[in-house]
Each structure stands twice: as C-alpha cells, then as structure tokens.
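Text of the file protein.cif, holding mmCIF, C-alpha atoms and all ligand atoms:
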data_input
#
loop_
_atom_site.group_PDB
_atom_site.id
_atom_site.type_symbol
_atom_site.label_atom_id
_atom_site.label_comp_id
_atom_site.auth_asym_id
_atom_site.auth_seq_id
_atom_site.Cartn_x
_atom_site.Cartn_y
_atom_site.Cartn_z
ATOM 1 C CA MET A 1 34.675 16.227 -15.815
ATOM 2 C CA SER A 2 32.619 17.477 -18.776
ATOM 3 C CA GLY A 3 34.470 18.323 -21.977
ATOM 4 C CA ARG A 4 31.905 20.999 -22.883
ATOM 5 C CA ALA A 5 32.686 24.695 -22.504
ATOM 6 C CA PRO A 6 30.723 26.426 -19.704
ATOM 7 C CA SER A 7 27.673 28.316 -20.981
ATOM 8 C CA ALA A 8 27.026 31.990 -20.203
ATOM 9 C CA ASP A 9 24.394 30.943 -17.608
ATOM 10 C CA GLY A 10 26.855 28.707 -15.805
ATOM 11 C CA ARG A 11 27.039 24.969 -15.485
ATOM 12 C CA VAL A 12 23.844 22.971 -15.001
ATOM 13 C CA LEU A 13 22.898 21.241 -11.763
ATOM 14 C CA LEU A 14 20.067 18.775 -12.368
ATOM 15 C CA VAL A 15 17.791 18.094 -9.381
ATOM 16 C CA LEU A 16 15.551 15.061 -9.897
ATOM 17 C CA GLY A 17 12.549 16.092 -7.861
ATOM 18 C CA GLY A 18 8.913 15.542 -6.997
ATOM 19 C CA THR A 19 9.531 15.811 -3.236
ATOM 20 C CA SER A 20 9.552 18.578 -0.646
ATOM 21 C CA ASP A 21 13.266 17.890 -0.068
ATOM 22 C CA ALA A 22 13.944 18.615 -3.742
ATOM 23 C CA ARG A 23 12.050 21.914 -3.513
ATOM 24 C CA THR A 24 13.947 22.882 -0.375
ATOM 25 C CA LEU A 25 17.233 22.090 -2.102
ATOM 26 C CA ALA A 26 16.332 24.069 -5.236
ATOM 27 C CA ALA A 27 15.506 27.090 -3.060
ATOM 28 C CA LEU A 28 18.774 26.758 -1.116
ATOM 29 C CA VAL A 29 21.041 26.707 -4.178
ATOM 30 C CA ALA A 30 18.982 28.786 -6.633
ATOM 31 C CA ASP A 31 21.219 31.857 -6.390
ATOM 32 C CA THR A 32 24.582 30.093 -6.531
ATOM 33 C CA PRO A 33 26.846 32.083 -8.884
ATOM 34 C CA GLY A 34 27.932 30.109 -11.946
ATOM 35 C CA LEU A 35 25.288 27.408 -11.435
ATOM 36 C CA ARG A 36 22.048 26.984 -13.378
ATOM 37 C CA VAL A 37 19.738 24.824 -11.278
ATOM 38 C CA VAL A 38 17.209 22.785 -13.292
ATOM 39 C CA SER A 39 14.572 20.790 -11.374
ATOM 40 C CA SER A 40 13.010 17.811 -13.107
ATOM 41 C CA LEU A 41 9.481 16.521 -12.424
ATOM 42 C CA ALA A 42 7.940 13.318 -13.725
ATOM 43 C CA GLY A 43 4.675 15.089 -14.584
ATOM 44 C CA ARG A 44 2.404 12.682 -12.697
ATOM 45 C CA THR A 45 0.321 15.312 -10.866
ATOM 46 C CA ARG A 46 -1.755 17.838 -12.786
ATOM 47 C CA ALA A 47 -1.086 20.738 -10.423
ATOM 48 C CA PRO A 48 2.374 20.049 -8.955
ATOM 49 C CA VAL A 49 3.936 22.307 -6.345
ATOM 50 C CA LEU A 50 6.698 23.838 -8.466
ATOM 51 C CA PRO A 51 10.233 24.406 -7.166
ATOM 52 C CA VAL A 52 11.948 27.809 -7.198
ATOM 53 C CA GLY A 53 13.736 28.494 -10.492
ATOM 54 C CA GLU A 54 13.855 26.584 -13.753
ATOM 55 C CA SER A 55 12.077 23.276 -14.156
ATOM 56 C CA ARG A 56 11.403 20.685 -16.813
ATOM 57 C CA VAL A 57 8.583 18.127 -16.819
ATOM 58 C CA GLY A 58 8.349 14.551 -18.119
ATOM 59 C CA GLY A 59 10.440 11.406 -18.376
ATOM 60 C CA PHE A 60 13.810 11.456 -20.130
ATOM 61 C CA GLY A 61 13.215 8.239 -22.078
ATOM 62 C CA GLY A 62 15.039 5.721 -19.905
ATOM 63 C CA VAL A 63 18.795 5.575 -19.326
ATOM 64 C CA PRO A 64 19.672 6.447 -22.953
ATOM 65 C CA GLY A 65 17.438 9.533 -22.811
ATOM 66 C CA LEU A 66 18.956 10.720 -19.551
ATOM 67 C CA VAL A 67 22.485 10.135 -20.856
ATOM 68 C CA ALA A 68 21.635 12.189 -23.957
ATOM 69 C CA TRP A 69 20.162 14.984 -21.802
ATOM 70 C CA LEU A 70 23.312 15.098 -19.662
ATOM 71 C CA ARG A 71 25.641 15.018 -22.653
ATOM 72 C CA ALA A 72 23.772 17.817 -24.460
ATOM 73 C CA ARG A 73 24.491 20.211 -21.588
ATOM 74 C CA ASP A 74 27.416 21.273 -19.467
ATOM 75 C CA VAL A 75 26.207 19.372 -16.396
ATOM 76 C CA ALA A 76 28.233 19.819 -13.222
ATOM 77 C CA GLY A 77 26.247 17.303 -11.200
ATOM 78 C CA VAL A 78 22.963 15.544 -10.534
ATOM 79 C CA VAL A 79 21.158 15.369 -7.192
ATOM 80 C CA ASP A 80 18.612 12.578 -7.104
ATOM 81 C CA ALA A 81 16.073 13.951 -4.628
ATOM 82 C CA THR A 82 13.179 11.783 -5.814
ATOM 83 C CA HIS A 83 10.908 9.925 -3.410
ATOM 84 C CA PRO A 84 12.443 6.895 -1.632
ATOM 85 C CA PHE A 85 9.993 4.624 -3.526
ATOM 86 C CA ALA A 86 10.749 6.084 -6.979
ATOM 87 C CA ALA A 87 13.203 3.236 -7.583
ATOM 88 C CA ARG A 88 13.253 3.291 -11.371
ATOM 89 C CA ILE A 89 14.368 6.876 -11.872
ATOM 90 C CA SER A 90 16.966 6.438 -9.109
ATOM 91 C CA ALA A 91 18.405 3.361 -10.841
ATOM 92 C CA HIS A 92 18.406 5.266 -14.133
ATOM 93 C CA ALA A 93 20.273 8.154 -12.488
ATOM 94 C CA VAL A 94 22.987 5.793 -11.204
ATOM 95 C CA ALA A 95 23.439 4.167 -14.635
ATOM 96 C CA ALA A 96 23.217 7.379 -16.683
ATOM 97 C CA CYS A 97 25.572 9.421 -14.493
ATOM 98 C CA ALA A 98 28.144 6.620 -14.577
ATOM 99 C CA GLU A 99 27.869 6.446 -18.364
ATOM 100 C CA ALA A 100 28.028 10.232 -18.877
ATOM 101 C CA GLY A 101 30.748 10.730 -16.239
ATOM 102 C CA VAL A 102 28.612 13.134 -14.194
ATOM 103 C CA PRO A 103 28.822 13.220 -10.346
ATOM 104 C CA LEU A 104 25.667 11.983 -8.615
ATOM 105 C CA LEU A 105 24.426 12.580 -5.090
ATOM 106 C CA ARG A 106 21.397 10.781 -3.615
ATOM 107 C CA LEU A 107 19.316 12.936 -1.256
ATOM 108 C CA GLN A 108 16.997 10.648 0.662
ATOM 109 C CA ARG A 109 15.402 11.390 4.007
ATOM 110 C CA PRO A 110 15.687 8.638 6.637
ATOM 111 C CA GLY A 111 12.871 6.167 7.096
ATOM 112 C CA TRP A 112 10.630 6.267 10.160
ATOM 113 C CA THR A 113 11.653 4.632 13.438
ATOM 114 C CA ALA A 114 9.186 2.860 15.715
ATOM 115 C CA VAL A 115 8.798 4.118 19.278
ATOM 116 C CA PRO A 116 7.232 2.362 22.287
ATOM 117 C CA GLY A 117 3.523 1.866 21.708
ATOM 118 C CA ASP A 118 3.844 1.378 17.953
ATOM 119 C CA ASP A 119 2.469 -1.857 16.474
ATOM 120 C CA TRP A 120 4.229 -1.991 13.117
ATOM 121 C CA HIS A 121 4.141 -4.884 10.681
ATOM 122 C CA PRO A 122 6.971 -4.420 8.136
ATOM 123 C CA VAL A 123 6.388 -5.929 4.673
ATOM 124 C CA ASP A 124 8.367 -5.931 1.429
ATOM 125 C CA SER A 125 5.718 -4.842 -1.064
ATOM 126 C CA ALA A 126 2.071 -3.918 -1.575
ATOM 127 C CA GLU A 127 1.367 -7.554 -2.480
ATOM 128 C CA HIS A 128 2.893 -8.625 0.829
ATOM 129 C CA ALA A 129 0.780 -6.004 2.642
ATOM 130 C CA ALA A 130 -2.360 -7.404 0.990
ATOM 131 C CA ARG A 131 -1.450 -10.879 2.262
ATOM 132 C CA VAL A 132 -1.122 -9.825 5.926
ATOM 133 C CA LEU A 133 -4.088 -7.414 6.083
ATOM 134 C CA PRO A 134 -6.973 -9.918 6.425
ATOM 135 C CA ASP A 135 -5.438 -11.202 9.675
ATOM 136 C CA LEU A 136 -5.189 -7.689 11.111
ATOM 137 C CA ALA A 137 -8.366 -5.782 10.268
ATOM 138 C CA ARG A 138 -11.631 -5.471 8.377
ATOM 139 C CA ARG A 139 -11.477 -1.674 7.900
ATOM 140 C CA VAL A 140 -8.232 -0.390 6.398
ATOM 141 C CA PHE A 141 -6.835 3.108 5.821
ATOM 142 C CA LEU A 142 -4.705 2.852 2.662
ATOM 143 C CA THR A 143 -2.264 5.771 2.320
ATOM 144 C CA THR A 144 0.076 4.430 -0.359
ATOM 145 C CA GLY A 145 -1.164 6.565 -3.241
ATOM 146 C CA ARG A 146 -3.557 6.386 -6.156
ATOM 147 C CA LEU A 147 -1.274 4.280 -8.359
ATOM 148 C CA GLU A 148 -0.938 1.357 -5.976
ATOM 149 C CA THR A 149 -4.480 0.129 -5.346
ATOM 150 C CA ALA A 150 -4.522 -2.943 -7.612
ATOM 151 C CA PRO A 151 -2.762 -5.309 -5.147
ATOM 152 C CA TYR A 152 -5.712 -4.809 -2.744
ATOM 153 C CA ALA A 153 -8.499 -5.010 -5.329
ATOM 154 C CA HIS A 154 -9.261 -8.696 -4.671
ATOM 155 C CA LEU A 155 -9.790 -8.242 -0.907
ATOM 156 C CA ASP A 156 -13.590 -8.387 -1.080
ATOM 157 C CA ARG A 157 -14.108 -8.918 2.640
ATOM 158 C CA LEU A 158 -12.267 -5.747 3.661
ATOM 159 C CA TRP A 159 -13.395 -2.099 3.536
ATOM 160 C CA PHE A 160 -10.855 0.529 2.463
ATOM 161 C CA LEU A 161 -10.459 4.248 2.999
ATOM 162 C CA LEU A 162 -8.131 5.307 0.184
ATOM 163 C CA ARG A 163 -6.538 8.756 0.483
ATOM 164 C CA SER A 164 -4.667 10.257 -2.450
ATOM 165 C CA VAL A 165 -3.888 13.669 -3.964
ATOM 166 C CA GLU A 166 -5.608 12.829 -7.270
ATOM 167 C CA PRO A 167 -8.282 10.248 -8.152
ATOM 168 C CA PRO A 168 -7.022 6.663 -8.452
ATOM 169 C CA THR A 169 -6.814 5.218 -11.951
ATOM 170 C CA GLY A 170 -6.204 1.526 -11.295
ATOM 171 C CA ALA A 171 -8.371 -1.325 -10.017
ATOM 172 C CA LEU A 172 -10.039 -0.619 -6.667
ATOM 173 C CA PRO A 173 -11.339 -2.898 -3.928
ATOM 174 C CA ARG A 174 -15.106 -3.468 -4.075
ATOM 175 C CA ALA A 175 -15.753 -1.658 -0.775
ATOM 176 C CA CYS A 176 -13.774 1.535 -0.936
ATOM 177 C CA GLU A 177 -14.149 5.224 -0.103
ATOM 178 C CA VAL A 178 -11.808 7.586 -1.969
ATOM 179 C CA LEU A 179 -10.731 10.700 -0.078
ATOM 180 C CA LEU A 180 -8.842 13.322 -2.106
ATOM 181 C CA ALA A 181 -6.478 15.352 0.067
ATOM 182 C CA ARG A 182 -2.924 16.668 0.063
ATOM 183 C CA GLY A 183 -0.849 16.722 3.297
ATOM 184 C CA PRO A 184 0.520 17.774 5.647
ATOM 185 C CA PHE A 185 -2.115 16.521 8.093
ATOM 186 C CA THR A 186 -2.309 17.124 11.845
ATOM 187 C CA VAL A 187 -2.424 14.343 14.418
ATOM 188 C CA GLU A 188 -5.803 15.633 15.632
ATOM 189 C CA ASP A 189 -7.267 15.488 12.133
ATOM 190 C CA GLU A 190 -5.850 12.012 11.537
ATOM 191 C CA ILE A 191 -7.309 10.728 14.804
ATOM 192 C CA ALA A 192 -10.691 12.279 13.987
ATOM 193 C CA LEU A 193 -10.673 10.751 10.493
ATOM 194 C CA MET A 194 -9.686 7.292 11.708
ATOM 195 C CA ARG A 195 -12.299 7.367 14.471
ATOM 196 C CA ASP A 196 -15.011 8.616 12.125
ATOM 197 C CA ARG A 197 -14.337 5.851 9.579
ATOM 198 C CA ARG A 198 -13.771 3.218 12.297
ATOM 199 C CA VAL A 199 -10.369 2.371 10.857
ATOM 200 C CA GLU A 200 -8.760 -0.785 12.291
ATOM 201 C CA ALA A 201 -5.361 -0.745 10.524
ATOM 202 C CA ILE A 202 -3.369 1.536 8.252
ATOM 203 C CA VAL A 203 -1.045 0.767 5.339
ATOM 204 C CA THR A 204 1.786 3.138 4.514
ATOM 205 C CA LYS A 205 5.065 3.202 2.653
ATOM 206 C CA ASP A 206 8.103 4.015 4.811
ATOM 207 C CA SER A 207 8.401 7.441 3.194
ATOM 208 C CA GLY A 208 9.997 9.127 6.219
ATOM 209 C CA GLY A 209 9.867 12.853 6.917
ATOM 210 C CA THR A 210 7.362 14.933 8.828
ATOM 211 C CA GLN A 211 4.778 15.769 6.122
ATOM 212 C CA THR A 212 2.824 12.525 6.448
ATOM 213 C CA ALA A 213 4.024 11.216 9.831
ATOM 214 C CA ALA A 214 0.934 12.338 11.780
ATOM 215 C CA LYS A 215 -0.942 9.171 10.773
ATOM 216 C CA LEU A 216 1.684 7.080 12.612
ATOM 217 C CA THR A 217 1.229 9.081 15.818
ATOM 218 C CA ALA A 218 -2.529 8.837 15.412
ATOM 219 C CA ALA A 219 -2.339 5.049 14.915
ATOM 220 C CA ARG A 220 -0.175 4.740 18.056
ATOM 221 C CA GLU A 221 -2.616 6.798 20.103
ATOM 222 C CA LEU A 222 -5.546 4.732 18.853
ATOM 223 C CA GLY A 223 -3.656 1.430 19.339
ATOM 224 C CA LEU A 224 -3.972 0.493 15.651
ATOM 225 C CA PRO A 225 -1.596 -1.775 13.712
ATOM 226 C CA VAL A 226 0.436 -0.191 10.901
ATOM 227 C CA VAL A 227 1.480 -2.233 7.880
ATOM 228 C CA LEU A 228 4.718 -0.544 6.823
ATOM 229 C CA ILE A 229 6.049 -1.189 3.315
ATOM 230 C CA ARG A 230 9.860 -1.205 3.410
ATOM 231 C CA ARG A 231 11.841 0.997 1.006
ATOM 232 C CA PRO A 232 13.766 -0.289 -1.952
ATOM 233 C CA GLU A 233 17.508 -0.178 -1.329
ATOM 234 C CA ALA A 234 19.296 3.030 -2.390
ATOM 235 C CA THR A 235 22.163 2.264 -4.756
ATOM 236 C CA ALA A 236 23.885 5.622 -5.374
ATOM 237 C CA PRO A 237 27.443 5.581 -4.014
ATOM 238 C CA GLU A 238 27.179 9.041 -2.370
ATOM 239 C CA GLN A 239 24.179 9.769 -0.151
ATOM 240 C CA VAL A 240 22.957 12.463 2.234
ATOM 241 C CA ALA A 241 19.815 12.606 4.379
ATOM 242 C CA ASP A 242 18.704 16.248 4.158
ATOM 243 C CA ALA A 243 18.539 19.174 1.754
ATOM 244 C CA ALA A 244 21.018 21.287 3.749
ATOM 245 C CA SER A 245 23.699 18.574 3.399
ATOM 246 C CA ALA A 246 23.011 18.307 -0.333
ATOM 247 C CA ALA A 247 23.300 22.096 -0.648
ATOM 248 C CA ARG A 248 26.672 21.983 1.146
ATOM 249 C CA TRP A 249 27.850 19.255 -1.284
ATOM 250 C CA ILE A 250 26.940 21.555 -4.160
ATOM 251 C CA LEU A 251 28.162 24.847 -2.704
ATOM 252 C CA ALA A 252 31.518 23.478 -1.522
ATOM 253 C CA ARG A 253 32.369 22.374 -5.035
ATOM 254 C CA ALA A 254 30.951 25.518 -6.641
ATOM 255 C CA ALA A 255 33.047 27.685 -4.300
ATOM 256 C CA ALA A 256 36.159 25.642 -5.101
ATOM 257 C CA GLY A 257 35.488 26.139 -8.803
ATOM 258 C CA GLY A 258 35.339 22.384 -9.405
ATOM 259 C CA THR A 259 32.485 20.137 -10.297
ATOM 260 C CA PRO A 260 30.113 18.921 -7.577
ATOM 261 C CA GLY A 261 31.528 15.579 -6.436
ATOM 262 C CA GLY A 262 34.818 16.183 -8.270
ATOM 263 C CA THR A 263 38.126 17.428 -6.875
HETATM 264 P P1 LIG B 1 9.689 5.769 -10.928
HETATM 265 O O1 LIG B 1 8.794 4.572 -10.958
HETATM 266 O O2 LIG B 1 10.998 5.625 -10.264
HETATM 267 O O3 LIG B 1 9.966 6.319 -12.391
HETATM 268 C C1 LIG B 1 9.184 5.938 -13.497
HETATM 269 C C2 LIG B 1 9.575 6.827 -14.666
HETATM 270 O O4 LIG B 1 9.091 8.143 -14.467
HETATM 271 C C3 LIG B 1 11.071 6.966 -14.827
HETATM 272 O O5 LIG B 1 11.618 5.878 -15.527
HETATM 273 C C4 LIG B 1 11.170 8.292 -15.537
HETATM 274 O O6 LIG B 1 10.829 8.154 -16.919
HETATM 275 C C5 LIG B 1 10.032 9.089 -14.945
HETATM 276 N N1 LIG B 1 10.459 9.926 -13.808
HETATM 277 C C6 LIG B 1 10.336 9.669 -12.474
HETATM 278 N N2 LIG B 1 10.755 10.698 -11.748
HETATM 279 C C7 LIG B 1 11.165 11.658 -12.625
HETATM 280 C C8 LIG B 1 11.682 12.966 -12.484
HETATM 281 N N3 LIG B 1 11.864 13.519 -11.259
HETATM 282 N N4 LIG B 1 11.991 13.658 -13.608
HETATM 283 C C9 LIG B 1 11.795 13.115 -14.830
HETATM 284 N N5 LIG B 1 11.295 11.882 -15.030
HETATM 285 C C10 LIG B 1 10.973 11.153 -13.939
HETATM 286 O O7 LIG B 1 8.922 7.025 -10.279
HETATM 287 P P2 LIG B 1 7.495 7.099 -9.547
HETATM 288 O O8 LIG B 1 7.537 6.248 -8.317
HETATM 289 O O9 LIG B 1 6.432 6.893 -10.570
HETATM 290 O O10 LIG B 1 7.514 8.618 -9.066
HETATM 291 C C11 LIG B 1 7.347 9.668 -10.022
HETATM 292 C C12 LIG B 1 7.652 10.979 -9.359
HETATM 293 O O11 LIG B 1 6.786 11.192 -8.242
HETATM 294 C C13 LIG B 1 9.079 11.089 -8.835
HETATM 295 O O12 LIG B 1 9.598 12.325 -9.270
HETATM 296 C C14 LIG B 1 8.954 10.996 -7.331
HETATM 297 O O13 LIG B 1 9.909 11.789 -6.665
HETATM 298 C C15 LIG B 1 7.539 11.484 -7.084
HETATM 299 N N6 LIG B 1 6.890 10.807 -5.962
HETATM 300 C C16 LIG B 1 6.824 9.456 -5.933
HETATM 301 C C17 LIG B 1 6.228 8.828 -4.855
HETATM 302 C C18 LIG B 1 6.172 7.319 -4.762
HETATM 303 O O14 LIG B 1 5.669 6.814 -3.760
HETATM 304 N N7 LIG B 1 6.686 6.569 -5.725
HETATM 305 C C19 LIG B 1 5.682 9.580 -3.808
HETATM 306 C C20 LIG B 1 5.764 10.990 -3.879
HETATM 307 C C21 LIG B 1 6.367 11.590 -4.961
HETATM 308 P P3 LIG B 1 11.937 7.927 -18.048
HETATM 309 O O15 LIG B 1 12.422 6.521 -17.890
HETATM 310 O O16 LIG B 1 11.195 8.193 -19.309
HETATM 311 O O17 LIG B 1 13.028 8.940 -17.795
#
Would you mind writing the structure in this file as structure tokens?
Amino acid sequence: MSGRAPSADGRVLLVLGGTSDARTLAALVADTPGLRVVSSLAGRTRAPVLPVGESRVGGFGGVPGLVAWLRARDVAGVVDATHPFAARISAHAVAACAEAGVPLLRLQRPGWTAVPGDDWHPVDSAEHAARVLPDLARRVFLTTGRLETAPYAHLDRLWFLLRSVEPPTGALPRACEVLLARGPFTVEDEIALMRDRRVEAIVTKDSGGTQTAAKLTAARELGLPVVLIRRPEATAPEQVADAASAARWILARAAAGGTPGGT
C-alpha cells in the first residue's frame, strides 16, 4: 500500500503498453472513477497508435528509474501489457514493483496452437531459427520485425522477404526485399504475397493473438514450414490472458476502494 496521499485526479494505474491488448485495456478502464490511467510506450515507432487517455513515451531508465517513477506518484497498480517478447521491460516491472511495493499484473495473450496440417518448427531464438532455415528453404518470409534481422545477415545462399512497420536499421541479408506494412493482414492477401514471392518457409515469433495470425493459416494452406520462435518465460506472479480480465482485476479493486491486487 502506498504511503502517499491520493491526488485530486485519483490514484495512478500504469499500463505498460505498445500492444493492441494494452490499448483495449486503457479504453476499458479509462473512465473508472478515482483512477488516473497512464499508458506507457517505449517510443520505438515514429507514428504509434496511441491509447485512449493519458500516455507517456520513452524508457524509465532501468529498474531504478521505474522505481523512482512509481515512488513519485500515488500508484495503485501496474499492468504489464507489453508484447510477449519484450522481456526486459517485463523483468524490470517485476523487480521495480516488488521494490516499490506496488501490485503488478501481467496481461499476456496466449501463444498460438498448431492445428492439423501445420508444419511448425519451434526454436528458442532468432539465432536458432537461422541455424535451421538452410535445411528448410531457399526463399524465406521473415516476419520478426525490423530490429531482429542481424542473426540472418550471414545467410548468403537464402533470399528473404522482410516485412516490418518501419525500415530495418540493423544488418540485412545480402538478398533481401523489404516490405513496409502494418497488420492486420487477411489470409487471402498473405497467400497472394507468399505465392507472388515464391516463399518456401516463414519465420515468426509466437506472438499469439489474431492481428498477425493470417500468415499461419496461409502457410498451412500452402503447405509451407513455419519456424516459430518460442516466447521468453513470463515471470510476474499474477497473470491474465486478455484485456477484459485485466480490466476486471482493476475494477474489482477500485470498486472495493482498495488497491488493485491488494485486499
Ligand atoms: P524490451 O527489450 O523489453 O525493453 C527495452 C527497453 O525499452 C526497456 O528496458 C525500457 O527502457 C524500454 N521500454 C520497453 N517497453 C516500454 C514501455 N512500454 N514503456 C516505457 N519503456 C519501455 O522491449 P522491446 O522488445 O524493445 O519492445 C519495446 C516496445 O515495443 C514494448 O512496449 C512492446 O510492448 C512493444 N512491442 C514489442 C514487440 C517485440 O517483438 N519485442 C512487438 C510489438 C510491440 P528502460 O530500461 O529505460 O525503462
């Protein structure tokens, strides 16, 4: 429980965001009486889709910075709704909330599940994906984002279609087409793209959710292998799988007049 007096605007709920789940959650709880919802974005994309309500942009400065941010405000709780692969900020949230004595909830959508017809090759990292790719295909659709191209840069005998929201900044494979696009994508469009570029395998992170799942259906329909990078393990003690459950966690405590996660 915070020792700070409540401010006139109400207690702060910090939503660590950068995902559609975080935006959904911010919209669901925006009008909660006595709660000031602040969404936090890393500031990686130049034109981010902003959540409803108040937001702040940029890193906190590691665990000490996040602890200081929490202690400078009357924070009722933190919901870590960052992407399943944003492991650093999630670890920082666990450490900082423990240190500042602030309740933490992890909102993380479930990973994808294979269905009959899928040919998935689970790997532990991008480096691992790069090791298995030459045995699977010559033409690869890389959908893991603009920041994670370097592990594939040495694969001179493969051709890559790299799709990202903004231009990549790191090392690129020698034979590579960059396609700038923001999802969601339809199955029909994914099939047309993969056929047009004669894609033989795709690489994806196990992000889960519906926004980018069409490529998996398209790969199944085309009989293509999918190299699936497994998620890092979530470490927050309390976890939910959807924004509605996170909103209930917040609203139940707000209605009871306690702190989210407290009694
Ligand atoms: P990360 O490696 O876990 O975090 C790196 C650093 O970025 C953190 O230490 C923190 O800086 C800052 N940061 C990350 N998320 C933040 C947030 N929501 N608010 C304030 N600071 C944040 O994160 P990442 O993988 O680069 O992802 C960055 C953002 O993009 C996240 O918000 C995530 O939800 C979103 N995103 C990531 C992916 C992905 O595949 N990784 C995909 C889609 C969206 P300080 O240490 O200075 O606090």
- Message: Neighbouring residues of ligand LIG 1 (chain B) are defined here as those with any atom at most 7 Å from a ligand atom, counting all atoms listed in the file; list them as a PyMOL selection string.
- Response: chain A and resi 16-19+40-42+44+57-63+65-66+81-83+85-90+92+144-145
- Straight-line distance linking atom CA of A:Ala171 with atom CA of A:Phe185, stated in Å to one decimal: 26.2 Å
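With atom CA of A:Glu166 on one side and atom CA of A:Gly43 on the other, the separation reads 12.8 Å.
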- Which residues fall under the PyMOL selection byres (((chain A and resi 226) around 9) and not hetatm) in this file, as a PyMOL selection string? chain A and resi 118-122+201-204+216+219-220+224-225+227-228
- Task: Starting from the displayed file, determine the output of the PyMOL selection byres (((chain A and resi 235) around 8) and not hetatm) and express the residue list as a PyMOL selection string.
- Result: chain A and resi 90-91+94+233-234+236-237
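Between atom CA of A:Ala100 and atom CA of A:Val79 the separation is 14.5 Å.
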- Taking the file as shown, find all residues satisfying the PyMOL selection byres (((chain A and resi 173-176) around 6) and not hetatm) and write them as an MDAnalysis selection string. chainID A and resid 153 156 159:161 172 177
- Within 12 Å of A:Thr210 using only C-alpha atoms, minus same-chain residues under 6 positions, as a ChimeraX atom specification: /A:20-21,109-112,183-187,216-217
- Residue list as a ChimeraX atom specification for point (-10.8, 5.5, 13.6), cut-off 10 Å, only C-alpha atoms: /A:139-141,190-202,218-219,222,224
As AutoDock Vina command-line options, what would the box around stretch 81-90 of chain A look like: edges along x, y and z, 5 Å added on every side, centre and edge lengths in Å to one decimal?
--center_x 13.5 --center_y 8.6 --center_z -6.8 --size_x 17.0 --size_y 20.7 --size_z 20.2
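Neighbouring residues of A:Leu35 at 8 Å or closer, counting all atoms listed in the file and skipping chain neighbours under 3 positions away, are Asp9, Gly10, Arg11, Val12, Leu13, Asp31, Thr32 and Ala254 of chain A.
With distances taken over all atoms listed in the file, A:Leu14 is the one residue among A:Leu28, A:Leu50, A:Leu14, A:Ala129 lying closest to A:Val75.
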- Query: Which of these, A:Arg106, A:Lys205, A:Arg231, A:Arg248, has the shortest distance to A:Ala22 once you count all atoms listed in the file?
  - Reply: A:Arg106
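Each of A:Ile229, A:Val29, A:Val102, A:Val15 was checked against A:Ala252 using all atoms listed in the file; the smallest atom-to-atom distance is that of A:Val29.
Comparing the minimum interatomic distances between A:Pro64 and each of A:Thr24, A:Ser39, A:Arg131, A:Ala98, counting only C-alpha atoms, we find that A:Ala98 sits nearest.
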